[in-house]
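Structure record follows, encoded as structure tokens.
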Amino acid sequence: MKNLLQDKVAIVTGAGKGLGEAVARAYAAQGAKLVVSDLDPAAARRVADALPGAIAVPCDVREPLEVEALVEAAVEAHGRLDIMVPNAGVASVVPLAQMSYAQWREVLSVNLDGVFLCIRYAAPAMIAAGGGAIVTMASITAQAAVPLIGHYAAAKAGVVSLTQTASVELRAHHIRVNAILPGFIDTDMVKPRKAEFEKMLGLPDFDALVVQKQGRYGTAEEVAKLAVFLASPRAAFSNGAVHVLDGGTRASLL
Amino acid sequence: MPELQGRKALITGAAQGIGLAIAELFVERGAQVMLADIDGPGAQRAADTLGPQARAVRCDVTSAADMQAAVDATVAAFGSLDTLVNNAGIEIVKPLFEQSEEEFDRLMAINVKGVFLGMKHALGALVASGRGSIVNMSSLAGVGGAPLFGSYCASKAAVIQLTRVAAVELRPTGLRINAVCPGFIGTAMVDRLVPTVEAAVGVPWDTLVALKQQRLGTVLEVAEMVAFLASDDASWTTGSHYVLDGGLSASLL
């Protein structure tokens, strides 16, 4: 154990399962005090119960008052806020020409509005604490298209932009803001929907395409290790940067 | 157990600056390190201060024979080679078309061909180790242009492209290859270019650094990123280039 985040207070949203859960566990393993947040109270509770000193705080990241309350709950429980990981996200699989406005808004409201609100309410608490680190979960779809998830990709590109602006606005307060851009991971929003992609794109085997592009699916634990590094003092000069983690997918045009 | 215990690394340009900082951090975390540098005595002095985990070899990275000899020396000293850091590089800071053909060729030979030769000659040993990783030193100058840095920018962009292609071609072997792109770091190289940059931009250096990235980065901060990418913590990271610049490139201003 490296104790890279010893006694740091961290909020992870969407931490009731998947990638968010992996980040919460990895942070706790490095000594952080967790605030495990999820739209699903039971899921948040299940993850928090397994982590020493962690609390569970249900939160709908689309709601400003709920995000504000989430930050207040962290400060009340642990005395301060040092790390925010706005990880909560949703997706659906639909071509732009058939996408309803409700489908667009659902993804944008969670994946982009939610990240704005997390930064908006975390920043003042971190300024009060004398500094902090925000690690956003974007995606390689912020940089290149994957058909059928245009709303998701647009939101993730927006997350990269928010990361950049926040990094420059907040650096005088010793708050670092960095983005992780994972490729396809085994718990993400894409793999469970591969049958939909195969049908709508006429692909014989989605997994085979993923393996050709990136060698294999990544794991949530591998993304979590990068999230630990970026939140830790070891990344003290990393700010406003995008960190692609994709097994080489973006490195190749083919 | 120290995090890099059992690692056997070859670092080029390791007699000073960022390369030396990487060597120091690797030794502190338990790795055995071969410090390669064109300044052989400088590399040896640095290795002596780092103790029994460190060795030194003189190496001109523009020479295939030297590069192969450095790889062979590492394997002979430590039994294997699992981590290569292609760090050696030089800068030219003057208007692009005031740079001579000879200056341009020399910079490309060290900064680009040196990385190519390093990867090419270490490849066999790295794959044989079963846990191989390469970290190439690019620069913020590899992702953006800057006046007076023309050939340097071109060379560092080339390092990113070599990193990408090598990463994808070698992915089936399990070898991971990534690049690091530091902004302005407190090194002798940066000290040398201060007067020229001040004259060209018309802004005092300290003001420029404060505006662009708040402060100079430290060689240790770059070394930490290299250590992360070289470690098993980055087991799915390949073909990437990670910028660390205090927010410089995130801002238009």
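Identifiers for the structure tokens are assigned positionally: chains receive A, B, ... in sequence, residues are indexed from 1 per chain, and ligands are indexed from 1 in the order shown.
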
Set the cut-off to 7 Å and count only C-alpha atoms: what are the residues of chain A that reach chain B? Output as JSON, numbers by chain. {"A": [164, 167, 168, 218, 222, 225, 234, 235, 236, 237, 238, 239, 240, 241, 243, 244, 245, 246, 247, 248, 251, 252]}

Those same residues, written as a PDB file, in the first residue's frame with N, CA and C atoms?
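Okay, part.pdb is ready:
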ATOM      1  N   GLN A 164     -10.585  21.749 -19.050  1.00  0.00           N
ATOM      2  CA  GLN A 164      -9.570  22.753 -19.409  1.00  0.00           C
ATOM      3  C   GLN A 164      -9.854  24.097 -18.746  1.00  0.00           C
ATOM      4  N   SER A 167      -9.355  23.961 -15.022  1.00  0.00           N
ATOM      5  CA  SER A 167      -7.944  23.831 -14.634  1.00  0.00           C
ATOM      6  C   SER A 167      -7.260  25.185 -14.603  1.00  0.00           C
ATOM      7  N   VAL A 168      -7.602  26.021 -15.574  1.00  0.00           N
ATOM      8  CA  VAL A 168      -6.941  27.331 -15.656  1.00  0.00           C
ATOM      9  C   VAL A 168      -7.539  28.302 -14.627  1.00  0.00           C
ATOM     10  N   GLY A 218     -10.334  -2.867 -21.720  1.00  0.00           N
ATOM     11  CA  GLY A 218      -9.658  -2.466 -20.489  1.00  0.00           C
ATOM     12  C   GLY A 218     -10.514  -2.836 -19.295  1.00  0.00           C
ATOM     13  N   GLU A 222      -7.967  -0.747 -14.046  1.00  0.00           N
ATOM     14  CA  GLU A 222      -6.867  -0.058 -14.731  1.00  0.00           C
ATOM     15  C   GLU A 222      -7.144   1.443 -14.842  1.00  0.00           C
ATOM     16  N   LYS A 225      -6.507   3.050 -11.424  1.00  0.00           N
ATOM     17  CA  LYS A 225      -5.098   3.295 -11.073  1.00  0.00           C
ATOM     18  C   LYS A 225      -4.631   4.633 -11.616  1.00  0.00           C
ATOM     19  N   ARG A 234       1.817  12.955  -6.673  1.00  0.00           N
ATOM     20  CA  ARG A 234       2.775  12.594  -7.726  1.00  0.00           C
ATOM     21  C   ARG A 234       2.466  13.292  -9.054  1.00  0.00           C
ATOM     22  N   ALA A 235       1.232  13.722  -9.241  1.00  0.00           N
ATOM     23  CA  ALA A 235       0.838  14.392 -10.485  1.00  0.00           C
ATOM     24  C   ALA A 235       0.727  15.900 -10.272  1.00  0.00           C
ATOM     25  N   ALA A 236       1.573  16.436  -9.406  1.00  0.00           N
ATOM     26  CA  ALA A 236       1.432  17.833  -8.985  1.00  0.00           C
ATOM     27  C   ALA A 236       1.533  18.840 -10.128  1.00  0.00           C
ATOM     28  N   PHE A 237       2.216  18.489 -11.218  1.00  0.00           N
ATOM     29  CA  PHE A 237       2.358  19.444 -12.328  1.00  0.00           C
ATOM     30  C   PHE A 237       1.391  19.128 -13.472  1.00  0.00           C
ATOM     31  N   SER A 238       0.590  18.074 -13.310  1.00  0.00           N
ATOM     32  CA  SER A 238      -0.408  17.728 -14.327  1.00  0.00           C
ATOM     33  C   SER A 238      -1.663  18.549 -14.075  1.00  0.00           C
ATOM     34  N   ASN A 239      -2.056  19.356 -15.039  1.00  0.00           N
ATOM     35  CA  ASN A 239      -3.261  20.174 -14.881  1.00  0.00           C
ATOM     36  C   ASN A 239      -3.853  20.466 -16.246  1.00  0.00           C
ATOM     37  N   GLY A 240      -5.163  20.320 -16.353  1.00  0.00           N
ATOM     38  CA  GLY A 240      -5.837  20.624 -17.617  1.00  0.00           C
ATOM     39  C   GLY A 240      -5.488  19.651 -18.728  1.00  0.00           C
ATOM     40  N   ALA A 241      -4.949  18.514 -18.387  1.00  0.00           N
ATOM     41  CA  ALA A 241      -4.461  17.590 -19.408  1.00  0.00           C
ATOM     42  C   ALA A 241      -5.437  16.431 -19.611  1.00  0.00           C
ATOM     43  N   HIS A 243      -5.851  12.453 -20.517  1.00  0.00           N
ATOM     44  CA  HIS A 243      -5.057  11.236 -20.390  1.00  0.00           C
ATOM     45  C   HIS A 243      -5.797  10.081 -21.052  1.00  0.00           C
ATOM     46  N   VAL A 244      -5.393   9.800 -22.281  1.00  0.00           N
ATOM     47  CA  VAL A 244      -6.014   8.713 -23.037  1.00  0.00           C
ATOM     48  C   VAL A 244      -5.507   7.381 -22.484  1.00  0.00           C
ATOM     49  N   LEU A 245      -6.440   6.474 -22.241  1.00  0.00           N
ATOM     50  CA  LEU A 245      -6.116   5.170 -21.655  1.00  0.00           C
ATOM     51  C   LEU A 245      -6.940   4.156 -22.433  1.00  0.00           C
ATOM     52  N   ASP A 246      -6.336   3.602 -23.498  1.00  0.00           N
ATOM     53  CA  ASP A 246      -7.172   2.870 -24.453  1.00  0.00           C
ATOM     54  C   ASP A 246      -6.464   1.729 -25.154  1.00  0.00           C
ATOM     55  N   GLY A 247      -5.356   1.254 -24.595  1.00  0.00           N
ATOM     56  CA  GLY A 247      -4.664   0.132 -25.236  1.00  0.00           C
ATOM     57  C   GLY A 247      -4.156   0.428 -26.636  1.00  0.00           C
ATOM     58  N   GLY A 248      -4.031   1.693 -26.970  1.00  0.00           N
ATOM     59  CA  GLY A 248      -3.471   2.062 -28.266  1.00  0.00           C
ATOM     60  C   GLY A 248      -4.501   2.406 -29.344  1.00  0.00           C
ATOM     61  N   ALA A 251      -4.020   5.719 -30.975  1.00  0.00           N
ATOM     62  CA  ALA A 251      -2.694   5.850 -31.607  1.00  0.00           C
ATOM     63  C   ALA A 251      -2.734   5.445 -33.075  1.00  0.00           C
ATOM     64  N   SER A 252      -3.733   4.663 -33.441  1.00  0.00           N
ATOM     65  CA  SER A 252      -3.778   4.126 -34.802  1.00  0.00           C
ATOM     66  C   SER A 252      -4.957   4.681 -35.583  1.00  0.00           C
TER      67      SER A 252
END

Please return as a list in words: the residues of stretch 100-251 of chain A that backbone DSSP assigns to strand (DSSP E or B). Gly132, Ala133, Ile134, Val135, Thr136, Met137, Ile175, Arg176, Val177, Asn178, Ala179, Ile180, Leu181, Pro182, Ile185, Gly218, Val242, His243, Val244 and Leu245 of chain A

Write out as an NGL selection string which residues come within 9 Å of stretch 105-119 of chain B when counting only C-alpha atoms, dropping same-chain ones fewer than 5 positions away. :B and (12 or 60-64 or 67-68 or 71 or 84-92 or 100 or 134 or 136-138 or 151-152 or 154-156 or 158-159 or 162 or 166)

Written file, previous selection with C-alpha atoms, as a short mmCIF file (atom, residue, chain, number, x, y, z; two decimals), in the first residue's frame:
data_model
loop_
_atom_site.label_atom_id
_atom_site.label_comp_id
_atom_site.auth_asym_id
_atom_site.auth_seq_id
_atom_site.Cartn_x
_atom_site.Cartn_y
_atom_site.Cartn_z
CA THR B 12 19.46 7.66 -22.00
CA ASP B 60 25.82 8.19 -28.40
CA VAL B 61 22.16 7.54 -29.21
CA THR B 62 22.75 8.39 -32.87
CA SER B 63 24.92 5.29 -33.15
CA ALA B 64 23.23 1.91 -33.59
CA MET B 67 22.72 1.74 -28.53
CA GLN B 68 23.11 -2.00 -28.93
CA VAL B 71 21.35 -2.64 -24.15
CA LEU B 84 13.68 1.76 -21.54
CA VAL B 85 13.48 5.53 -21.16
CA ASN B 86 14.52 7.33 -24.35
CA ASN B 87 15.27 10.67 -22.76
CA ALA B 88 18.40 11.98 -24.50
CA GLY B 89 17.73 15.15 -26.46
CA ILE B 90 19.05 18.55 -27.43
CA GLU B 91 17.48 21.87 -28.29
CA ILE B 92 18.08 24.62 -30.81
CA SER B 100 21.90 25.53 -40.42
CA ILE B 134 9.17 2.07 -23.07
CA ASN B 136 9.84 8.25 -24.77
CA MET B 137 10.56 11.84 -23.81
CA SER B 138 8.56 14.10 -26.07
CA SER B 151 13.24 21.91 -35.44
CA TYR B 152 12.75 20.97 -31.79
CA ALA B 154 9.24 18.86 -35.35
CA SER B 155 11.47 16.37 -33.58
CA LYS B 156 9.20 16.05 -30.56
CA ALA B 158 8.05 12.83 -34.50
CA VAL B 159 8.64 11.17 -31.12
CA LEU B 162 7.05 6.91 -33.42
CA ALA B 166 5.52 1.31 -32.30
#

Which neighbours of B:Glu24 fall inside 10 Å, counting only C-alpha atoms, when residues of the same chain fewer than 2 positions from it are skipped, and could you give them as an MDAnalysis selection string? chainID B and resid 14 18:22 26:29 31 33 46:47 49:50 54 220 223

Excluding A:Pro41 and residues on its chain fewer than 4 positions from it, collect all residues at most 9 Å away from it, counting only C-alpha atoms, and give them as a ChimeraX atom specification. /A:16,37,45-46,56-59
